[in-house]
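Novice: I have a structure here, written as structure tokens, and I will follow up with some questions on it.
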Amino acid sequence: MKKEVAFTCELPNGIHARPANHLEAVCSKFNSDITLKNLRNGNEGSAKSVLSLVGTDTLLNDPCSLIIEGDDAESAFETLAKYIQEEFPHCDEALEVMEQGDVLLPQSLMHHNPNLVHAKRLSTGIAKGKLVRYTDVELSLFNDAESDMSFAQAKQAVTETLLAKAETANGQEKEIINAHLGILKDEALNSQVMDAVSQGKTLARGILTAVASITETLLQSSSDYLKERVLDIKDIALQLLITAHPHMNVSTEFTLTEASIVIANDLTPSQFLGLDRAHLQGLILTQAGSTSHTVILARAFNIPAVSGVSIDQCASQEGELVYVDGGLGVVALEASQDVATYFERAIWLAEQKAKVESEFVNDAAQTKDGKHIEIAANIACTVEAEPAFAKGAEGVGLFRTEMLFMDRATAPDEDEQFNAYKAVLEAAEGKAVIIRTMDIGGDKPIDYLNLPHEHNPFLGYRAVRIYPQFIALFHTQIRAILRAAPFGHTKVMIPMIQSIEEIRWVKEQIATVKAVMDSEGVAYGDIELGIMVEIPSVAFIMDQFCKEVDFFSIGSNDMTQYLLAVDRDNDNVAKLYNSLAPSFLRLLKAVVEGAHEHGKWVGLCGELGANKKVLPLLVGAGLDELSMAAPSIAPTKAALRQFDSEQCRDLFAQACDCATIADVEALLDAFSKAQEDKPLLATECVLLDCEFNSKEEAIQTLVGNLGIRGRTHLVSELEADIWAREAVFSTGLGNGFAIPHTKSDNIAHSSISIARLKKPVRWSEDEDGDAEFVIMLTLNKDQGDQHMRIFSGLARKLIHENFRNTLKSMPTEDEVIAFLKSELAL
Ligand code: PEP
Ligand code: MG
């Protein structure tokens, strides 16, 4: 029997390794031959081979067909038709690609005529180190080699090594190792090697032939992403060849002995991982694109990286000190003293920025009047836990366990789940972890459960509603959580509860599981039980729910759509989906007050929690916790510090009384305007005892500091504005004082910055052109003529020796600010 599924590829990056892995896993469940045909370029490949799928060079919007031939074609067709329509388009996350638009290079660098090689920006950050050229093991070394083992043995050994590495790896590193394990299993690679060996070729020749053919296909692709997969294939081939030929003693070890910038034509992920990261400071690659796995790893490990630089361009500088700026996309060779000073200062500024951010990471989350609101992390898999705590999470507010059940052929067993929950609880080191039981069904389908296709999945058979049918699955999950509970502070949360009957049923099941564990002598720990508040019906009987559960967490994503009857995935009604609706705010109020009246804890774990604009309302609502994606945690903690909890309460009360969303937005705008303005004069913008070597370094540092303090997001642009004014006339005013200034759109908070220098720098070519006290004015355009008023006021004061001497001798930043405030009447 022959069947066909026609579709258009909706994947933004085409069918690369990750979606190919998904499709291959679904197709491999059937006996039928399944071929993917790309109707744009005529390429065909087995849908049961990741490499063949990738080799079809299928890009966004390509018309395609899956041709199914065999005894189970009918059931394969049914599964694939549904899969291709519902899941395949969503199986790939958007890749992080750095914008390659023009970057404005800072004038404080360009004034020194640096010798720059311009490059593609791949991973941000500034690095300095000795330029070291990477020397590669050539695959051709194995051309005439006789192997010491069979292909199966070599594969087994490499698989074991990779599995061992995966055990200790995290995040991106683990994902890439898993992708490499997938390549090892690939049908195309295996059959090509086996064919060559059965024709009498050596194993090495077999591997080299297969690699050459697969590489050729990938390189013909019009997608950069697919071309970049060649490195992964070479990586696996090299590992197989080295393993199969131990007598050749080939080592891929490449030793770095000091802080180094490594330059290479290309670098495979395992070559990258083999580099000593204590010494590796930066990477310069000739060929790598922004989606290569090596580059993804470089970003994960904060290693600045650029590409598009040939080895020849830098050859003369091997062994010399070079700088790489991954954000600007430049490599600086033969740095003069001034250029080196620029980069050293830029590195110092980056360190200051990291320091300021890290203060919030470790800070308790509280408002400026000391009201604590827990800021927790939403996670979907175990490897996210540790980085989330490193980013300042005070708990896990939502562990979406359904991800453990997705993208696989069978459900995870009790031990696998136990290990996952235990790992998160251990990473939490006693902080609370809310494990949400599987929220499966509806928009989160699981193949192996064969749930019916529904017209209205959000109102359908999902979450707690499917547990009675899959009772063994639910019991296994509860058992795994109960067993893991002694390893930390465990809270269990049930999704999509709408009635007391449902939560009572859940409690009976937990009691049943505990009874079985008791009878078996299996140890377990205490848990707190809570529910997601997603369905508005819950809000009307909070008093009843408070008798049944320990805590609540509001799922604002679903609660908004259920309250307003708006399918959030339907573009036609998307504009009606808005959590600022006064009705939503009143519902929020009812839930929080309902919980607190009975002494119960209530958090919020929907996307709304990370929305900075809405934060004062959530604080005002009196929530005990906000849970969000880890990168939002430190910025939310920082924002929280600006608010007064009483003012937030008033704001929330007023918002609940509003008639329309627009009224609520206007209220929020007025509130944030009143909060946002940073003072014109503040100690954070005063730098005393500066050791600057030039006017450039002074301006670079003062403007860079405004970036660190969140007063501008456009540092280079603001610097250019300052220099534009300097180009018209020097702002050196004599007597050692200079007042660089600009009125600009590139400053968010008008600021007066001050630098007192230990020794003067040349500011202008005049006779009296040195400056040792710099007062920089960066005022935004909302300030009317304040700019000129402050400038002329300052100039008038500086005529007086007394004023100058007092400023020069002020012992602290605070005193400088107090003095200027009173003298300038600001
Ligand atoms: C929610 O509905 O707000 C929620 C957090 O659950 P999910 O996004 O997983 O449906
Ligand atoms: Mg939900």
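In the structure tokens, chains take letters A, B, ... by order of appearance, with residues numbered from 1 within each chain and ligands from 1 in the order shown.
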Skipping near chain neighbours, those fewer than 4 positions away, what residues fall within 10 Å of segment 788-790 of chain A using only C-alpha atoms, listed as number ranges by chain?

Specialist: A: 741-743, 752, 777, 779, 784, 794-796, 824-826

Novice: Apply DSSP to the backbone of this structure and, from segment 304-434 of chain A, keep only the residues in helix (DSSP H, G or I); write these as a PyMOL selection string.

Specialist: chain A and resi 311-317+337-361+382-390+402-405+414-428

Novice: Which residues of chain A come within 7 Å of ligand 2, and what is each one's closest atom pair and distance in Å (one decimal), counting only C-alpha atoms and all ligand atoms, sorted by chain and residue number, as CSV?

Specialist:
residue,atom,partner,partner_atom_place_in_ligand_line,distance
A:Pro495,CA,ligand 2,1 (Mg),7.0
A:Glu534,CA,ligand 2,1 (Mg),6.2
A:Gly555,CA,ligand 2,1 (Mg),5.3
A:Asn557,CA,ligand 2,1 (Mg),6.0
A:Asp558,CA,ligand 2,1 (Mg),4.8

Novice: Let me have all residues with an atom within 9 Å of ligand 1, counting only C-alpha atoms and all ligand atoms, laid out as a count of residues only.

Specialist: 26

Novice: Distance table requested - segment 363-417 of chain A against segment 648-670 of chain A, cut-off 12 Å, only C-alpha atoms: one row per qualifying residue with the closest atom pair and its distance in Å to one decimal, ordered by chain and rising residue number, as CSV.

Specialist:
residue,atom,partner,partner_atom,distance
A:Thr367,CA,A:Cys648,CA,9.8
A:Lys368,CA,A:Cys648,CA,11.4
A:Asp369,CA,A:Cys648,CA,11.2
A:Lys371,CA,A:Cys648,CA,11.2

Novice: Counting only C-alpha atoms, figure out which residue out of A:Arg299, A:Leu163, A:Pro631, A:Leu285 gets nearest to Val361 of chain A.

Specialist: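 Residue with the minimum atom-to-atom distance to Val361 of chain A: A:Pro631.
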
Novice: Can you tell me, as a PyMOL selection string, what residues are no more than 12 Å from Ala738 of chain A when counting only C-alpha atoms, ignoring any on the same chain fewer than 4 positions away?

Specialist: chain A and resi 695+698-699+726+729-734+753-757+760-764+768-777+791+794-795+798+804

Novice: I'd like the contact shell of segment 300-310 of chain A - 8 Å cut-off, only C-alpha atoms, skipping same-chain residues fewer than 3 positions apart - returned as JSON, numbers by chain.

Specialist: {"A": [117, 118, 119, 120, 121, 122, 123, 124, 125, 126, 127, 172, 265, 280, 281, 282, 283, 284, 285, 286, 287, 288, 289, 295, 296, 297, 313, 314, 324, 325, 326, 329, 330]}

Novice: Enumerate, as a ChimeraX atom specification, the complete set of residues in segment 465-608 of chain A that a backbone-based DSSP assignment places in strand (DSSP E).

Specialist: /A:489-494,528-533,551-554,601-604

Novice: Just want the 7 Å neighbourhood of Ile375 of chain A, counted on only C-alpha atoms, with same-chain residues fewer than 6 positions away dropped. Output as a PyMOL selection string.

Specialist: chain A and resi 365+393-394+625-627+633

Novice: Would you export the selected residues with N, CA, C and O atoms as a PDB file, in the first residue's frame, please?

Specialist:
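And here's result.pdb as it stands now:
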ATOM      1  N   ALA A 365      14.436  39.173  47.176  1.00  0.00           N
ATOM      2  CA  ALA A 365      13.498  39.936  46.362  1.00  0.00           C
ATOM      3  C   ALA A 365      12.571  40.713  47.279  1.00  0.00           C
ATOM      4  O   ALA A 365      11.762  40.126  47.990  1.00  0.00           O
ATOM      5  N   ALA A 393      17.088  32.475  41.472  1.00  0.00           N
ATOM      6  CA  ALA A 393      15.759  31.947  41.813  1.00  0.00           C
ATOM      7  C   ALA A 393      15.683  31.633  43.309  1.00  0.00           C
ATOM      8  O   ALA A 393      16.624  31.079  43.884  1.00  0.00           O
ATOM      9  N   GLU A 394      14.549  31.994  43.916  1.00  0.00           N
ATOM     10  CA  GLU A 394      14.361  31.707  45.340  1.00  0.00           C
ATOM     11  C   GLU A 394      13.540  30.443  45.545  1.00  0.00           C
ATOM     12  O   GLU A 394      13.122  30.129  46.654  1.00  0.00           O
ATOM     13  N   GLU A 625       4.286  35.148  45.705  1.00  0.00           N
ATOM     14  CA  GLU A 625       5.393  34.702  44.849  1.00  0.00           C
ATOM     15  C   GLU A 625       5.070  35.012  43.397  1.00  0.00           C
ATOM     16  O   GLU A 625       3.903  35.029  42.995  1.00  0.00           O
ATOM     17  N   LEU A 626       6.152  35.262  42.615  1.00  0.00           N
ATOM     18  CA  LEU A 626       6.011  35.349  41.156  1.00  0.00           C
ATOM     19  C   LEU A 626       7.022  34.375  40.578  1.00  0.00           C
ATOM     20  O   LEU A 626       8.187  34.386  40.974  1.00  0.00           O
ATOM     21  N   SER A 627       6.583  33.544  39.657  1.00  0.00           N
ATOM     22  CA  SER A 627       7.510  32.573  39.076  1.00  0.00           C
ATOM     23  C   SER A 627       7.632  32.840  37.585  1.00  0.00           C
ATOM     24  O   SER A 627       6.633  33.092  36.906  1.00  0.00           O
ATOM     25  N   ILE A 633      14.663  36.817  36.250  1.00  0.00           N
ATOM     26  CA  ILE A 633      14.670  36.890  37.718  1.00  0.00           C
ATOM     27  C   ILE A 633      15.440  38.105  38.258  1.00  0.00           C
ATOM     28  O   ILE A 633      14.875  38.915  39.006  1.00  0.00           O
TER      29      ILE A 633
END

Novice: Which residues are close to Asp33 of chain A, i.e. within 7 Å by only C-alpha atoms, leaving aside same-chain residues fewer than 5 positions away? Reply as a PyMOL selection string.

Specialist: chain A and resi 68-70

Novice: Smallest atom-to-atom distance to Asp148 of chain A: which of A:Leu203, A:Ile510, A:Cys64, A:Leu588, using only C-alpha atoms?

Specialist: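 Distance minimum relative to Asp148 of chain A lands on A:Leu203.
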
Novice: Using atom CA of Asn61 of chain A and atom CA of Pro452 of chain A as the two end points, give the distance in Å to one decimal.

Specialist: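 Atom CA of Pro452 of chain A lies 28.8 Å from atom CA of Asn61 of chain A.
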
Novice: What's around Ala340 of chain A at 10 Å? Count only C-alpha atoms, leave out sequence neighbours fewer than 5 positions away in its own chain, and write the answer as a list in words.

Specialist: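 Once the nearby chain positions are removed, what remains is Leu109, His112, Pro114, Lys128, Leu321, Val322, Tyr323, Ala332, Leu333, Glu334, Ala335, Arg345 and Ala346 of chain A.
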
Novice: Which residues of segment 116-218 of chain A come within 9 Å of segment 228-239 of chain A, and for each one, what is the closest pair of atoms and their distance in Å to one decimal, counting only C-alpha atoms, sorted by chain and residue number, as a Markdown table?

Specialist:
| residue | atom | partner | partner_atom | distance |
| --- | --- | --- | --- | --- |
| A:Val137 | CA | A:Leu238 | CA | 8.3 |
| A:Glu138 | CA | A:Leu238 | CA | 8.6 |
| A:Leu139 | CA | A:Leu238 | CA | 6.5 |
| A:Ala154 | CA | A:Gln239 | CA | 8.9 |
| A:Val158 | CA | A:Gln239 | CA | 6.7 |
| A:Ala179 | CA | A:Asp232 | CA | 8.8 |
| A:His180 | CA | A:Ile236 | CA | 6.8 |
| A:Leu181 | CA | A:Ile236 | CA | 8.8 |
| A:Ile183 | CA | A:Ile233 | CA | 7.4 |
| A:Leu184 | CA | A:Ile236 | CA | 7.2 |
| A:Ile207 | CA | A:Ala237 | CA | 6.7 |
| A:Leu208 | CA | A:Ala237 | CA | 7.6 |
| A:Val211 | CA | A:Ile233 | CA | 6.8 |
| A:Ile214 | CA | A:Val230 | CA | 8.2 |
| A:Thr215 | CA | A:Val230 | CA | 5.7 |
| A:Glu216 | CA | A:Val230 | CA | 8.8 |
| A:Leu218 | CA | A:Val230 | CA | 6.7 |

Novice: When you count only C-alpha atoms, which of these residues is closest to Asp526 of chain A: A:Leu131, A:Phe737, A:Ala484, A:Ile541?

Specialist: A:Ala484

Novice: Using only C-alpha atoms, which of A:Val549, A:Leu449, A:Cys381, A:Ala364 sits nearest Ala638 of chain A?

Specialist: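 Of the candidates, the smallest distance to Ala638 of chain A is held by A:Ala364.
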